[in-house]
Structure formats: C-alpha cells, structure tokens
Amino acid sequence: MEAHASQLAFGQQVLDAQPFSVLLGARLTAFGDGAAVLELDVRDELRQQNGFVHGGVLSYAADNALTFAAGAAAGPSVLTAGFTIDYLRPARGEVLRARAQVVRPGRTRVVCRCDLLMVDTAGMETLCAVAQGTIAVASGRPPEPTATG
C-alpha cells in the first residue's frame, strides 16, 4: 500500500475529529490505495474480565479500518452500512492492528475486509479476528470531518 504523506495526514485528521477514537488513542499508520491500517496501544481499560482485549474494542477497530479503507478508494463521504466480525482467538498483545482493504469498490457501496491482529513486544502478529463490511458512499451533501467511521 503506497500512501502519500498528505493522504495519511488527512486520514489522521479525520480520525482525530472522532472523540471516541481520541479516547482510545487510535492512530492511522497507513492510508491510501483502497487500504488502511489502524492501531491502538492496549491498556488495562480495554480488557475484559479475563485479561483479553474486549470484543467491543476489536469491533471498533474493524469498523473504523473498514470505513477508512473504503474512504481511501471512494472519498471521505462514506459511512458504515454494516459489518460482520468473527473472533478467532483471544486477543492478547501490546498493540491492536486492524488492516483493511477494499474487496470491491462500487458507486454507492464499497465492500471491504479487515484482519485484526495482536502485536506482541517482539513485533510478532497474531490473527485474532476477521471482519467484512459494506460501506455506503454518501452523495448530495458535503463531507463532514467525522463522516468516516
């Protein structure tokens, strides 16, 4: 995925306009060419009672990464229409990485998929969930800074 610094900066600006993303400390590490990578550092407040990253946090990361990938292909005026997520194993690690890409760009809908990976202290990735989503391309109104996600 080739991303120009200006594309990544724009994507991060959109992410920074989402108060919930700011609360979680989410960041975009790649954005462009119909793909996006969203990361967040795992801290105790993001874990469930057994010490694994909470499924809601994984869902948040999938939702935003899917929508950012669609936005990288279709422009900033996109909204999540729906997505499914399958949890494959407990999420353990230091960083949650959501890597999304467009599967099929359409004029009004964009289909994307996302791998949710946990990264350990050595940088090793472990797949813990997968998601697929449909992103609606909004038309007829100017994009809002919080339209992605």
# chains A, B, ... in the order shown; residues from 1 in each chain; ligands from 1

call {"tool": "closest_atom_pairs", "arguments": {"of": "segment 71-118 of chain A", "to": "segment 52-61 of chain A", "cutoff": "9 Å", "atoms": "only C-alpha atoms", "output": "Markdown table"}}
result
| residue | atom | partner | partner_atom | distance |
| --- | --- | --- | --- | --- |
| A:Thr84 | CA | A:Ser59 | CA | 8.9 |
| A:Ile85 | CA | A:Ser59 | CA | 7.1 |
| A:Tyr87 | CA | A:Gly55 | CA | 8.0 |
| A:Pro90 | CA | A:Phe52 | CA | 6.0 |
| A:Ala91 | CA | A:Phe52 | CA | 5.3 |
| A:Arg92 | CA | A:Phe52 | CA | 5.6 |
| A:Gly93 | CA | A:Val53 | CA | 8.4 |
| A:Leu96 | CA | A:Leu58 | CA | 7.9 |
| A:Arg97 | CA | A:Ala61 | CA | 7.9 |
| A:Ala98 | CA | A:Ala61 | CA | 6.0 |
| A:Leu116 | CA | A:Leu58 | CA | 7.2 |

call {"tool": "write_last_selection", "arguments": {"atoms": "N, CA, C and O atoms", "output": "PDB file, in the first residue's frame"}}
result
ATOM      1  N   THR A  84     -19.693  -7.650   9.627  1.00  0.00           N
ATOM      2  CA  THR A  84     -19.692  -8.828  10.479  1.00  0.00           C
ATOM      3  C   THR A  84     -18.266  -9.044  10.958  1.00  0.00           C
ATOM      4  O   THR A  84     -17.305  -8.650  10.296  1.00  0.00           O
ATOM      5  N   ILE A  85     -18.169  -9.654  12.107  1.00  0.00           N
ATOM      6  CA  ILE A  85     -16.855  -9.941  12.672  1.00  0.00           C
ATOM      7  C   ILE A  85     -16.873 -11.354  13.229  1.00  0.00           C
ATOM      8  O   ILE A  85     -17.865 -11.789  13.826  1.00  0.00           O
ATOM      9  N   TYR A  87     -14.568 -13.707  15.722  1.00  0.00           N
ATOM     10  CA  TYR A  87     -13.466 -13.765  16.677  1.00  0.00           C
ATOM     11  C   TYR A  87     -12.834 -15.153  16.577  1.00  0.00           C
ATOM     12  O   TYR A  87     -13.509 -16.159  16.744  1.00  0.00           O
ATOM     13  N   PRO A  90      -8.580 -15.508  21.540  1.00  0.00           N
ATOM     14  CA  PRO A  90      -8.477 -14.379  22.476  1.00  0.00           C
ATOM     15  C   PRO A  90      -7.386 -13.392  22.039  1.00  0.00           C
ATOM     16  O   PRO A  90      -6.323 -13.797  21.563  1.00  0.00           O
ATOM     17  N   ALA A  91      -7.695 -12.130  22.171  1.00  0.00           N
ATOM     18  CA  ALA A  91      -6.782 -11.069  21.746  1.00  0.00           C
ATOM     19  C   ALA A  91      -5.819 -10.737  22.881  1.00  0.00           C
ATOM     20  O   ALA A  91      -6.194 -10.119  23.868  1.00  0.00           O
ATOM     21  N   ARG A  92      -4.577 -11.170  22.713  1.00  0.00           N
ATOM     22  CA  ARG A  92      -3.515 -10.910  23.701  1.00  0.00           C
ATOM     23  C   ARG A  92      -2.355 -10.235  22.989  1.00  0.00           C
ATOM     24  O   ARG A  92      -1.924 -10.694  21.936  1.00  0.00           O
ATOM     25  N   GLY A  93      -1.838  -9.171  23.557  1.00  0.00           N
ATOM     26  CA  GLY A  93      -0.698  -8.497  22.959  1.00  0.00           C
ATOM     27  C   GLY A  93      -0.607  -7.062  23.421  1.00  0.00           C
ATOM     28  O   GLY A  93      -1.367  -6.616  24.282  1.00  0.00           O
ATOM     29  N   LEU A  96      -3.060  -3.477  19.088  1.00  0.00           N
ATOM     30  CA  LEU A  96      -4.094  -3.996  18.205  1.00  0.00           C
ATOM     31  C   LEU A  96      -3.895  -3.325  16.849  1.00  0.00           C
ATOM     32  O   LEU A  96      -3.843  -2.100  16.760  1.00  0.00           O
ATOM     33  N   ARG A  97      -3.785  -4.132  15.806  1.00  0.00           N
ATOM     34  CA  ARG A  97      -3.598  -3.621  14.437  1.00  0.00           C
ATOM     35  C   ARG A  97      -4.764  -4.124  13.585  1.00  0.00           C
ATOM     36  O   ARG A  97      -4.981  -5.329  13.478  1.00  0.00           O
ATOM     37  N   ALA A  98      -5.492  -3.183  12.984  1.00  0.00           N
ATOM     38  CA  ALA A  98      -6.600  -3.513  12.088  1.00  0.00           C
ATOM     39  C   ALA A  98      -6.168  -3.143  10.675  1.00  0.00           C
ATOM     40  O   ALA A  98      -5.986  -1.971  10.363  1.00  0.00           O
ATOM     41  N   LEU A 116      -7.770  -8.437  11.985  1.00  0.00           N
ATOM     42  CA  LEU A 116      -7.453  -7.846  13.276  1.00  0.00           C
ATOM     43  C   LEU A 116      -6.346  -8.673  13.904  1.00  0.00           C
ATOM     44  O   LEU A 116      -6.514  -9.869  14.146  1.00  0.00           O
TER      45      LEU A 116
END

call {"tool": "residues_around", "arguments": {"residues": "Ile135 of chain A", "least_positions_apart": "5", "cutoff": "8 Å", "atoms": "only C-alpha atoms", "output": "list in words"}}
result
Leu66, Thr67, Ala70, Val78, Leu79, Thr80, Ala81, Gly82, Arg109, Val110, Val111 and Cys112 of chain A

call {"tool": "select_by_dssp", "arguments": {"residues": "segment 35-129 of chain A", "states": "alpha helix (DSSP H)", "output": "ChimeraX atom specification"}}
result
/A:55-74

call {"tool": "residues_around", "arguments": {"residues": "Val102 of chain A", "least_positions_apart": "6", "cutoff": "12 Å", "atoms": "only C-alpha atoms", "output": "PyMOL selection string"}}
result
chain A and resi 1+31-36+65-74+109-114+132-135

call {"tool": "closest_residue", "arguments": {"among": "A:Leu24, A:Ser77, A:Asp120, A:Thr29", "to": "Ser139 of chain A", "atoms": "only C-alpha atoms"}}
result
A:Ser77

call {"tool": "decode", "arguments": {"residues": "segment 18-61 of chain A", "atoms": "C-alpha atoms", "output": "tab-separated table (two decimals), in the first residue's frame"}}
result
chain	number	residue	atom	x	y	z
A	18	GLN	CA	-13.72	11.41	16.30
A	19	PRO	CA	-13.84	11.89	20.09
A	20	PHE	CA	-14.15	8.13	20.72
A	21	SER	CA	-11.07	7.40	18.61
A	22	VAL	CA	-9.16	10.05	20.56
A	23	LEU	CA	-10.33	8.47	23.84
A	24	LEU	CA	-8.98	5.10	22.71
A	25	GLY	CA	-5.73	6.59	21.40
A	26	ALA	CA	-6.24	5.22	17.88
A	27	ARG	CA	-3.87	6.15	15.08
A	28	LEU	CA	-3.64	5.53	11.36
A	29	THR	CA	-0.33	4.06	10.29
A	30	ALA	CA	-1.25	3.59	6.63
A	31	PHE	CA	-3.95	5.09	4.42
A	32	GLY	CA	-4.35	5.10	0.65
A	33	ASP	CA	-4.93	2.99	-2.44
A	34	GLY	CA	-8.10	1.44	-1.02
A	35	ALA	CA	-6.46	0.29	2.21
A	36	ALA	CA	-5.96	1.46	5.77
A	37	VAL	CA	-4.18	0.31	8.90
A	38	LEU	CA	-5.46	1.49	12.27
A	39	GLU	CA	-3.57	0.76	15.50
A	40	LEU	CA	-4.06	1.31	19.18
A	41	ASP	CA	-1.94	0.50	22.19
A	42	VAL	CA	-3.56	-1.97	24.55
A	43	ARG	CA	-4.04	-0.79	28.11
A	44	ASP	CA	-5.90	-2.36	31.03
A	45	GLU	CA	-9.06	-0.30	30.47
A	46	LEU	CA	-9.52	-2.02	27.09
A	47	ARG	CA	-9.52	-5.56	28.51
A	48	GLN	CA	-12.39	-7.73	29.63
A	49	GLN	CA	-12.51	-9.72	32.90
A	50	ASN	CA	-10.18	-12.48	31.66
A	51	GLY	CA	-7.48	-10.08	30.54
A	52	PHE	CA	-8.16	-10.26	26.78
A	53	VAL	CA	-8.84	-7.18	24.68
A	54	HIS	CA	-12.61	-6.64	24.79
A	55	GLY	CA	-14.57	-7.68	21.70
A	56	GLY	CA	-16.09	-4.20	21.52
A	57	VAL	CA	-12.62	-2.73	21.06
A	58	LEU	CA	-11.93	-5.20	18.25
A	59	SER	CA	-15.27	-4.28	16.67
A	60	TYR	CA	-14.46	-0.57	16.91
A	61	ALA	CA	-11.11	-1.14	15.19
